[in-house]
Structure formats: structure tokens, C-alpha cells
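**Q** Have a look at this one before I ask anything.
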Amino acid sequence: MMPTRCRKTWIGSALVALLMGLATVAHAADDTARFYGTWKTSFPYNGVTVTLISVHDASGYKNYVVTPTGNQFANEGTFSAANGKWTATADAPNNGGTYHFLDANNISCTNSAGQTVIWRREKSAPVLPGPGANPPASPESIPSPPRRQKAEYQDDPTVSPEINAASKALMAKDYNTAWRTFMAAAQHGESDGEAGVGMMLFNHQNPPGTGYYAQAEKWLLSSANHDNVHGMYFLAQYYNEVGRNLAGGINPGHNNDVSPYERAEAEKKYALARKWFERASDKGDAHAMANLAIMLDAGVGGPRDPQRAAQLRAEASKGLDANYKKRAMGNPTYQAMTMSWQAGHYADAIKIAKEQAAKGDATAEALLGKAYYEGVGVQLNYHTAMDWCKKAAAQNNADGMFIEGLMYEHGAGVTQDTDRAVKIFDRAAELGNRYAQMEAKGMRMQGESNALAARYATACHAAGGYAMDFQCISGGMVIDPYH
């Protein structure tokens, strides 16, 4: 389920400072884990209301700006919080400040300049672009872009020394050097340099302050238009990802309506993805062929063409390593089902899922459980959703367990049983479902917060006051009920 952050973000090249100012109260010990989850805030900026989403987990935070066309990755870094003070790897004044948990789902965060916002916990984790982003309840149908580097980078005589140097630095995770060198080549008009810059923006590997996700399109489009196959491939991946973010809604486990405009925009992005996979395939790129085959099987970005998809898979298999071949072409039916679902082609996805579920396929069973739970592509039916989820869970399918856990957590079609929900989430987390892990953490934090609130209210009442949002009011003043 969730994540969070007390800090800044960028919109274009403009810094968004976190506004307002509230008093804070120190908490005891390390609170970093209490921030794990997804949080949301809104505030005025230059005459418009800006909405941010912040996702926290053990690796730190990731920030996103909510835009009409989807959630735009903004920045990321490390984060810690203890004794009412937080720190983050961000520029001043957003590199530290104070915080106060108003309750388990609302936090007041103030930066070092005294600017404060209230973050509210989201009930489900958003499907977001950027590092670590996961699809709704099934793996991605378009495999992630392959690494350009091998275990030991060998100079490519067909590219310039700058590109070889940048590629070596990228392989060594020296992103500052890779970025500077790719950019220098790009500014000299080298299409490989443009592709490298675009790829780093797309993968969020560029150093802080050097650019943002959406700028990947400009660099990759320039590279692709210069007939560079790397630019074509990553441009197709970019459009596919944007299309998926537009078509898929926000939260897993919750049916967020996608507007007709967003659906139309998603279809345009998928058509562009397919176009550039086609162009890269024509130049012999095996990875592009494998991804294009998935779109042809699913009928996404254009009409279905399973015969050509089979031909492309056969051709691509000659140039792919075994691991990527398994991911991209191991199960064409499953890939088509997942691609259709992520693209919002729910009728096609459910048709395939029903056919596969009839054969006992756990992944298809989990997808049907999700569909009936959310009422997406079918009439909402909690009883049917639970039946499919239990069938998937019986085969140790973590996605089916996740939806089953949500149903017990919220009492959807069953008697609410939060203890049982946590146990199910824990089991799904053991099997690799990150949302289940975060949901279980959030529920445990909620329980701890409820107990803390009850103790605070009791102490406040004993001190002759009344409790409101973790403040004890007596005689029109805020008092400390413990002293």
C-alpha cells in the first residue's frame, strides 16, 4: 500500500517550496518507518494549486507531481526522521525540518525556512512512473529496457570515444560522469549522445537538478529522428510507459475512473510506442521486435496481428540473451493479457483471463479477482472476486493474496477482519508483493497510532482537558497532559 516525504520537488525547472507554518511536537526515537507509505499534499504556487505525491520506503523517498496527463516523477533521495526532526538529501531549505504526526494518516511537516504543509496518507499505493514503480496486480507486459552495458564494457569501435567513456561510467554507476559525457556528445550533435541523455532521464539516472522525466522525450525524439536505433527503442519505451500511466488509473485495489480524454491520450501514446518499436525492429533491434510482438498480440497501439507477432518472436530469439528472451517471450498469452489490462483494454484482458483461468492459471485467476473487486471490465462482485482470489492464493499467487487481504481489511463482501488481513499481507509480502508489505506496515502503524491516541485522550481527560488532533485543550490553551 503506502509511502511519503517532507520536502521539495521540481515542476519543470521551478522549485516548489512547501508552504505554510505550524508548530511541531517532537516524537520519541526513530520515526523513519512511520513515514513508509504514500502521502499526498496540495498547496498554492504561482497562482495555481500544486498537488504532490510522496512515496517512502526503506530506500528513501520518491516525489511525483500530479498533472492532468498523469503523475510526473520529480525527484528522489534518502530520508530519516527521529525525535520530531527530519532530514533529506535535498537542497536547502528542504534538506531538513520538523514534523508532527497529527494522527496516523496526517503529518505536519515544516522545512528549515518555516514553510509547512500537511501530508495525508493515501489509502492505496499509486502506480507511478519512476524507479521501483510496479504495475497494478501483474508484472509489466513490456519488459524493462535492457542494460546497454555488459559485465565488462568493451569499447565499441562504431561510436565516438565520448560515447564509450559515457557508457563505461554508466556501467560503473558514475552517473555524474556519464551525464556530462553523454550531454557533451549530444550538444555536438551526436545521436548516440542524445540517446544516452534521453535514456538517463527516462531511467531517472541523471544527477539531481539536471533535468526531469518528461524531457526524455525531446532528447530521444531527436536521436530517433537522426535514425539512431537506441533512440528509437527508448523513445518507444517512454511512450509505452506514459500510455500505461494514463490508462491505468492511480491506485491498485481501487477503481479510479480514467477520463475519456486520458484514455484517448493513452491510445495516442501507445500508437507512438508501436511506431517506434516498428522503426527499431526494421533496423534489426531484437529487443524492439520482442516488445512489438507483445503489442501485436494484444492489439494495443494498432490492430492485432498474431501471425506477424509470431514471426517477430522467432526473429528476435536469434539476438536475445536467455534471460530477456524468457521475460519477453516466455508466455505470449500471458503477455497479451497483461498488456491489454494495463492499456485499459479490459474486455480483451478479461476474455483471455477467463480462458486461462479455466485451465487453472493462477495469474489469470488473480487478475479476475482484481477485476471483480474493482468492478473494472465486469460488474463489481465481491463474492466472485473472493472466489478467484482464493483460487489464486491456493497456488501461492501473491497478487491474489493482496486483493484478498484488501477485502478482509475493508470488509468488502466479508466480515471485516484486520488481523486476518495482516496475516494475508505478510504472506503475500514473503512472496514478493511490495504493496502487501507496505499495506501490512501501514495497518500496524495505524494500530499503534490508535492506541497512542486513546492513551493521549485518557491523559488529557484526567488533566481536565479535551483531546483534538493530538492536542489537549484546557481553558482555551494547549496543555501538556502528561505534565
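Here, A, B, ... name the chains of the C-alpha cells in the order displayed, residue numbers run from 1 inside each chain, and ligands are numbered from 1 in the same displayed order.
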Leaving out Tyr372 (chain A) and any residue of its chain fewer than 2 positions from it, which residues lie within 9 Å of it when counting only C-alpha atoms, given as a list in words?

**A**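 The neighbour list is Leu367, Leu368, Gly369, Lys370, Glu374, Gly375, Val376, Gly377, Val378, Gln379, Leu380, Asn381, Tyr382, His383, Thr384, Ala385, Met386 and Trp388 of chain A.
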
**Q** Export N, CA and C atoms of the chosen residues as a PDB file, in the first residue's frame?

**A**
ATOM      1  N   LEU A 367      -5.987 -11.875 -11.732  1.00  0.00           N
ATOM      2  CA  LEU A 367      -6.465 -10.730 -12.499  1.00  0.00           C
ATOM      3  C   LEU A 367      -7.984 -10.661 -12.467  1.00  0.00           C
ATOM      4  N   LEU A 368      -8.663 -11.806 -12.561  1.00  0.00           N
ATOM      5  CA  LEU A 368     -10.122 -11.804 -12.476  1.00  0.00           C
ATOM      6  C   LEU A 368     -10.579 -11.366 -11.088  1.00  0.00           C
ATOM      7  N   GLY A 369      -9.856 -11.795 -10.046  1.00  0.00           N
ATOM      8  CA  GLY A 369     -10.199 -11.348  -8.699  1.00  0.00           C
ATOM      9  C   GLY A 369     -10.104  -9.839  -8.592  1.00  0.00           C
ATOM     10  N   LYS A 370      -9.055  -9.266  -9.148  1.00  0.00           N
ATOM     11  CA  LYS A 370      -8.869  -7.816  -9.138  1.00  0.00           C
ATOM     12  C   LYS A 370      -9.987  -7.128  -9.920  1.00  0.00           C
ATOM     13  N   GLU A 374     -12.633  -4.530  -8.179  1.00  0.00           N
ATOM     14  CA  GLU A 374     -12.672  -3.124  -8.555  1.00  0.00           C
ATOM     15  C   GLU A 374     -13.883  -2.773  -9.405  1.00  0.00           C
ATOM     16  N   GLY A 375     -14.519  -3.803 -10.011  1.00  0.00           N
ATOM     17  CA  GLY A 375     -15.600  -3.520 -10.942  1.00  0.00           C
ATOM     18  C   GLY A 375     -15.087  -2.931 -12.232  1.00  0.00           C
ATOM     19  N   VAL A 376     -13.937  -3.396 -12.680  1.00  0.00           N
ATOM     20  CA  VAL A 376     -13.313  -2.906 -13.920  1.00  0.00           C
ATOM     21  C   VAL A 376     -13.473  -3.964 -15.001  1.00  0.00           C
ATOM     22  N   GLY A 377     -14.171  -3.615 -16.061  1.00  0.00           N
ATOM     23  CA  GLY A 377     -14.378  -4.554 -17.164  1.00  0.00           C
ATOM     24  C   GLY A 377     -15.482  -5.553 -16.905  1.00  0.00           C
ATOM     25  N   VAL A 378     -15.922  -5.656 -15.664  1.00  0.00           N
ATOM     26  CA  VAL A 378     -17.030  -6.546 -15.272  1.00  0.00           C
ATOM     27  C   VAL A 378     -17.825  -5.832 -14.181  1.00  0.00           C
ATOM     28  N   GLN A 379     -19.005  -6.367 -13.881  1.00  0.00           N
ATOM     29  CA  GLN A 379     -19.798  -5.810 -12.792  1.00  0.00           C
ATOM     30  C   GLN A 379     -19.132  -6.134 -11.458  1.00  0.00           C
ATOM     31  N   LEU A 380     -19.005  -5.136 -10.587  1.00  0.00           N
ATOM     32  CA  LEU A 380     -18.396  -5.362  -9.286  1.00  0.00           C
ATOM     33  C   LEU A 380     -19.132  -6.466  -8.545  1.00  0.00           C
ATOM     34  N   ASN A 381     -18.362  -7.433  -8.032  1.00  0.00           N
ATOM     35  CA  ASN A 381     -18.961  -8.574  -7.328  1.00  0.00           C
ATOM     36  C   ASN A 381     -17.927  -9.120  -6.354  1.00  0.00           C
ATOM     37  N   TYR A 382     -18.059  -8.753  -5.079  1.00  0.00           N
ATOM     38  CA  TYR A 382     -17.069  -9.150  -4.089  1.00  0.00           C
ATOM     39  C   TYR A 382     -17.019 -10.664  -3.891  1.00  0.00           C
ATOM     40  N   HIS A 383     -18.177 -11.311  -3.973  1.00  0.00           N
ATOM     41  CA  HIS A 383     -18.208 -12.759  -3.780  1.00  0.00           C
ATOM     42  C   HIS A 383     -17.384 -13.457  -4.870  1.00  0.00           C
ATOM     43  N   THR A 384     -17.602 -13.049  -6.122  1.00  0.00           N
ATOM     44  CA  THR A 384     -16.849 -13.641  -7.228  1.00  0.00           C
ATOM     45  C   THR A 384     -15.370 -13.285  -7.123  1.00  0.00           C
ATOM     46  N   ALA A 385     -15.094 -12.038  -6.713  1.00  0.00           N
ATOM     47  CA  ALA A 385     -13.706 -11.616  -6.550  1.00  0.00           C
ATOM     48  C   ALA A 385     -12.992 -12.498  -5.532  1.00  0.00           C
ATOM     49  N   MET A 386     -13.644 -12.748  -4.402  1.00  0.00           N
ATOM     50  CA  MET A 386     -13.024 -13.571  -3.365  1.00  0.00           C
ATOM     51  C   MET A 386     -12.789 -14.999  -3.854  1.00  0.00           C
ATOM     52  N   TRP A 388     -12.137 -16.022  -6.893  1.00  0.00           N
ATOM     53  CA  TRP A 388     -10.973 -16.070  -7.778  1.00  0.00           C
ATOM     54  C   TRP A 388      -9.678 -15.820  -6.998  1.00  0.00           C
TER      55      TRP A 388
END

**Q** Do you know which residues are at most 12 Å from region 416-419 of chain A counting only C-alpha atoms, after dropping those on the same chain fewer than 4 positions away, and could you put them as a PyMOL selection string?

**A** chain A and resi 404-412+423-426+439-440+442-444+446-447

**Q** For the residues selected in the previous step, produce a file with C-alpha atoms as a PDB file, in the first residue's frame.

**A**
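Writing the result to part-v9.pdb gives the following:
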ATOM      1  CA  GLU A 404      -7.933 -10.961  -0.704  1.00  0.00           C
ATOM      2  CA  GLY A 405      -6.171  -9.060   2.085  1.00  0.00           C
ATOM      3  CA  LEU A 406      -7.754  -5.777   0.970  1.00  0.00           C
ATOM      4  CA  MET A 407     -11.184  -7.356   1.144  1.00  0.00           C
ATOM      5  CA  TYR A 408     -10.675  -8.507   4.736  1.00  0.00           C
ATOM      6  CA  GLU A 409      -9.078  -5.176   5.672  1.00  0.00           C
ATOM      7  CA  HIS A 410     -12.043  -3.132   4.438  1.00  0.00           C
ATOM      8  CA  GLY A 411     -14.828  -5.672   4.997  1.00  0.00           C
ATOM      9  CA  ALA A 412     -15.608  -5.808   1.274  1.00  0.00           C
ATOM     10  CA  LYS A 423      -1.512 -12.208   8.046  1.00  0.00           C
ATOM     11  CA  ILE A 424      -2.510 -12.441   4.382  1.00  0.00           C
ATOM     12  CA  PHE A 425      -0.473  -9.333   3.516  1.00  0.00           C
ATOM     13  CA  ASP A 426       2.540 -10.772   5.337  1.00  0.00           C
ATOM     14  CA  GLU A 439      -0.128  -2.366   3.466  1.00  0.00           C
ATOM     15  CA  ALA A 440       0.797  -4.544   6.439  1.00  0.00           C
ATOM     16  CA  GLY A 442       0.566   0.777   7.356  1.00  0.00           C
ATOM     17  CA  MET A 443      -2.005  -1.277   9.246  1.00  0.00           C
ATOM     18  CA  ARG A 444       0.433  -1.924  12.089  1.00  0.00           C
ATOM     19  CA  GLN A 446      -2.421   2.612  12.283  1.00  0.00           C
ATOM     20  CA  GLY A 447      -2.966   0.244  15.203  1.00  0.00           C
TER      21      GLY A 447
END

**Q** Give me every helix (DSSP H, G or I) residue in region 144-315 of chain A, going by DSSP on the backbone, as a ChimeraX atom specification.

**A** /A:161-171,175-187,191-202,213-225,229-247,260-282,286-298,306-315

**Q** Could you check which of A:Tyr61, A:Tyr99, A:Tyr233, A:Tyr456 is closest to Lys275 (chain A), using only C-alpha atoms?

**A** A:Tyr233

**Q** For CA of Asp285 (chain A) and CA of Glu315 (chain A), quote the distance in Å rounded to one decimal.

**A** 9.9 Å
